[in-house]
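So the structure is just underneath, and the comments pick up after that.
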Amino acid sequence: MSINIQIGPAEAGILIFTFIALVGLVIFLLVKLNRKIEEVGRPKFGFLGKSLTYTVAAVMLGIGSVIFVGYNLGRINSNDTRTNANNSYKIDFQSFDLESSDKTKAKIALSGVVLEDSIVWGNNLYDLTWSISNSNSTIPPIVEKTRGKDSPSYITVDLNKEIYEITVKAQNGTTVISKTKEIDLRYK
């Protein structure tokens with residue numbers, strides 16, 4: 001038994017048209033289904049269709065940081081007088097040029113300051129001892145008693161126009177701090 005099928009040009013055109021229409025319909029359905037899948041996968045919440053996950057996480061982190069810092073700042077006790085490793089004492093001084101009546105000498109003013117934890121003079125009074133020397137001589141020490149924020153340090157000295165080493169020592173009970181600087185008065 002043999003089947004003999006003959007397709008003419010009209011039938012071939014109908015078959016080709018039907019095949020193209022079926023392929024087009026399948027492509028159309030696939031594109032439509034793909035769009036539907038994308039639409040279902042897109043979040044329906046957030047701002048302009050964007051997820052708010054990162055924004056919520058950042059806000060929660062910020063609130064937590066504020067609470068943590070506020071809690072720790074509230075635990076600071078400003079009346080705590082205990083000494084800890086962070087307490088530091090430092091003395092510094094400045095020299096100011098003044099007009100001397102003797103042209104062969106230089107007149108300077110010296111002012112010292114004690115810093116307790118970066119606070120000028122803190123809450124204490126200090127005795128300051130100034131030692132001034134050069135390669136040829138030493139001037140007797142100058143002592144300033146009970147200096148603090150209400151009675152700051154200030155002395156004036158007439159010196160020959162030479163290079164001097166100036167040392168200031170501040171003492172309050174067992175706390176002793178000193179600083180040494182070299183000043184050149186040759187060109188004053």
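Ordering of the structure tokens sets the chain letters (A, B, ...), residue numbers begin anew at 1 in every chain, and ligands are numbered from 1 in the order given.
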
In chain A, DSSP alpha helix (DSSP H) residues written as a PyMOL selection string: chain A and resi 9-41+53-74

Store the residues picked out above in a file with C-alpha atoms, as an mmCIF file, in the first residue's frame.
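File written: result29.cif
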```cif
data_model
loop_
_atom_site.group_PDB
_atom_site.id
_atom_site.type_symbol
_atom_site.label_atom_id
_atom_site.label_comp_id
_atom_site.auth_asym_id
_atom_site.auth_seq_id
_atom_site.Cartn_x
_atom_site.Cartn_y
_atom_site.Cartn_z
ATOM 1 C CA PRO A 9 1.028 25.550 -5.253
ATOM 2 C CA ALA A 10 -2.200 26.682 -3.543
ATOM 3 C CA GLU A 11 -1.938 24.008 -0.874
ATOM 4 C CA ALA A 12 1.800 24.777 -0.345
ATOM 5 C CA GLY A 13 0.988 28.490 0.149
ATOM 6 C CA ILE A 14 -1.691 27.612 2.711
ATOM 7 C CA LEU A 15 0.715 25.296 4.574
ATOM 8 C CA ILE A 16 3.497 27.916 4.621
ATOM 9 C CA PHE A 17 1.064 30.641 5.752
ATOM 10 C CA THR A 18 -0.312 28.360 8.480
ATOM 11 C CA PHE A 19 3.199 27.461 9.651
ATOM 12 C CA ILE A 20 4.271 31.126 9.788
ATOM 13 C CA ALA A 21 1.053 32.050 11.634
ATOM 14 C CA LEU A 22 1.629 29.250 14.202
ATOM 15 C CA VAL A 23 5.283 30.282 14.768
ATOM 16 C CA GLY A 24 4.207 33.950 15.125
ATOM 17 C CA LEU A 25 1.457 32.943 17.604
ATOM 18 C CA VAL A 26 3.961 30.923 19.681
ATOM 19 C CA ILE A 27 6.455 33.842 19.690
ATOM 20 C CA PHE A 28 3.658 36.277 20.668
ATOM 21 C CA LEU A 29 2.565 33.999 23.538
ATOM 22 C CA LEU A 30 6.158 33.554 24.761
ATOM 23 C CA VAL A 31 6.775 37.340 24.794
ATOM 24 C CA LYS A 32 3.476 37.947 26.597
ATOM 25 C CA LEU A 33 4.247 35.215 29.154
ATOM 26 C CA ASN A 34 7.761 36.607 29.713
ATOM 27 C CA ARG A 35 6.312 40.090 30.407
ATOM 28 C CA LYS A 36 3.837 38.577 32.846
ATOM 29 C CA ILE A 37 6.669 36.770 34.699
ATOM 30 C CA GLU A 38 8.669 40.038 34.948
ATOM 31 C CA GLU A 39 5.614 41.891 36.270
ATOM 32 C CA VAL A 40 4.959 39.249 38.945
ATOM 33 C CA GLY A 41 8.638 39.332 40.035
ATOM 34 C CA THR A 53 15.334 47.380 52.348
ATOM 35 C CA TYR A 54 18.505 49.507 52.313
ATOM 36 C CA THR A 55 16.669 52.610 53.507
ATOM 37 C CA VAL A 56 15.072 50.742 56.422
ATOM 38 C CA ALA A 57 18.442 49.209 57.365
ATOM 39 C CA ALA A 58 20.159 52.636 57.276
ATOM 40 C CA VAL A 59 17.428 54.241 59.425
ATOM 41 C CA MET A 60 17.637 51.429 61.986
ATOM 42 C CA LEU A 61 21.438 51.704 62.102
ATOM 43 C CA GLY A 62 21.185 55.489 62.593
ATOM 44 C CA ILE A 63 18.648 55.149 65.416
ATOM 45 C CA GLY A 64 20.812 52.513 67.090
ATOM 46 C CA SER A 65 23.890 54.763 66.839
ATOM 47 C CA VAL A 66 22.045 57.726 68.366
ATOM 48 C CA ILE A 67 20.773 55.572 71.245
ATOM 49 C CA PHE A 68 24.266 54.117 71.857
ATOM 50 C CA VAL A 69 25.992 57.529 71.850
ATOM 51 C CA GLY A 70 23.263 59.099 73.993
ATOM 52 C CA TYR A 71 23.497 56.315 76.548
ATOM 53 C CA ASN A 72 27.276 56.621 76.816
ATOM 54 C CA LEU A 73 27.225 60.411 77.001
ATOM 55 C CA GLY A 74 24.691 60.190 79.794
#
```

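Residues in contact with A:Glu144 at up to 8 Å, not including ones fewer than 6 positions away on its chain and judged by only C-alpha atoms, are Asp127, Leu128, Thr129 and Ser153 of chain A.
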
DSSP-assigned strand (DSSP E) among stretch 123-175 of chain A, expressed as a PyMOL selection string: chain A and resi 126-133+138-147+155-160+163-172+175

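Of the listed residues A:Lys145, A:Arg186, A:Lys181, A:Lys103, the one whose atoms come nearest to A:Ile166 is A:Lys181, with distances taken using only C-alpha atoms.
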
Of the listed residues A:Val114, A:Ile5, A:Val120, A:Ile155, that which approaches A:Lys169 most closely, counting only C-alpha atoms: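 Distance minimum relative to A:Lys169 lands on A:Val114.
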
Distance of atom CA of A:Leu98 from atom CA of A:Thr146, expressed in Å to one decimal place: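 Those two atoms sit 25.2 Å apart.
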
Interatomic distance, atom CA of A:Asn123 to atom CA of A:Ser95 (Å, one decimal):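 For atom CA of A:Asn123 relative to atom CA of A:Ser95, the distance reads 24.6 Å.
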
Residue nearest A:Pro152 among A:Ser111, A:Ser101, A:Asn124, A:Asn4 (counting only C-alpha atoms):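 Using only C-alpha atoms, the shortest distance to A:Pro152 belongs to A:Ser111.
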
Close residues, A:Glu182 itself excluded, 9 Å, only C-alpha atoms, min 3 positions apart in chain, as a ChimeraX atom specification: /A:163-167

Option closest in space to A:Thr138, from A:Gly122, A:Gln6, A:Leu115, A:Leu159 [counting only C-alpha atoms]: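 Closest to A:Thr138, using only C-alpha atoms: A:Leu159.
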
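Coordinates place atom CA of A:Asn134 at a distance of 21.2 Å from atom CA of A:Ala170.
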
Polymer residues at most 7 Å from A:Asn160, only C-alpha atoms, same-chain spacing of 4 or more positions, as a ChimeraX atom specification: /A:104-106

Restricting the output to C-alpha atoms, write the selected residues as a PDB file, in the first residue's frame.
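So the final result, stored in result-v7.pdb, reads:
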```
ATOM      1  CA  THR A 104      72.685  96.995  75.191  1.00  0.00           C
ATOM      2  CA  LYS A 105      70.097  94.803  76.894  1.00  0.00           C
ATOM      3  CA  ALA A 106      66.895  93.132  75.820  1.00  0.00           C
TER       4      ALA A 106
END
```

Which residues come within 9 Å of A:Pro141, counting only C-alpha atoms, excluding same-chain residues fewer than 6 positions away, as a PDB file with C-alpha atoms, in the first residue's frame?
```pdb
ATOM      1  CA  THR A 129      60.218  78.757  89.406  1.00  0.00           C
ATOM      2  CA  TRP A 130      62.021  80.406  86.477  1.00  0.00           C
ATOM      3  CA  SER A 131      65.686  79.515  85.806  1.00  0.00           C
ATOM      4  CA  ILE A 132      67.521  81.598  83.201  1.00  0.00           C
TER       5      ILE A 132
END
```

Nearest to A:Ile119, chosen from A:Lys179, A:Lys149, A:Thr156, A:Val168, with only C-alpha atoms counted in the distances: A:Lys149
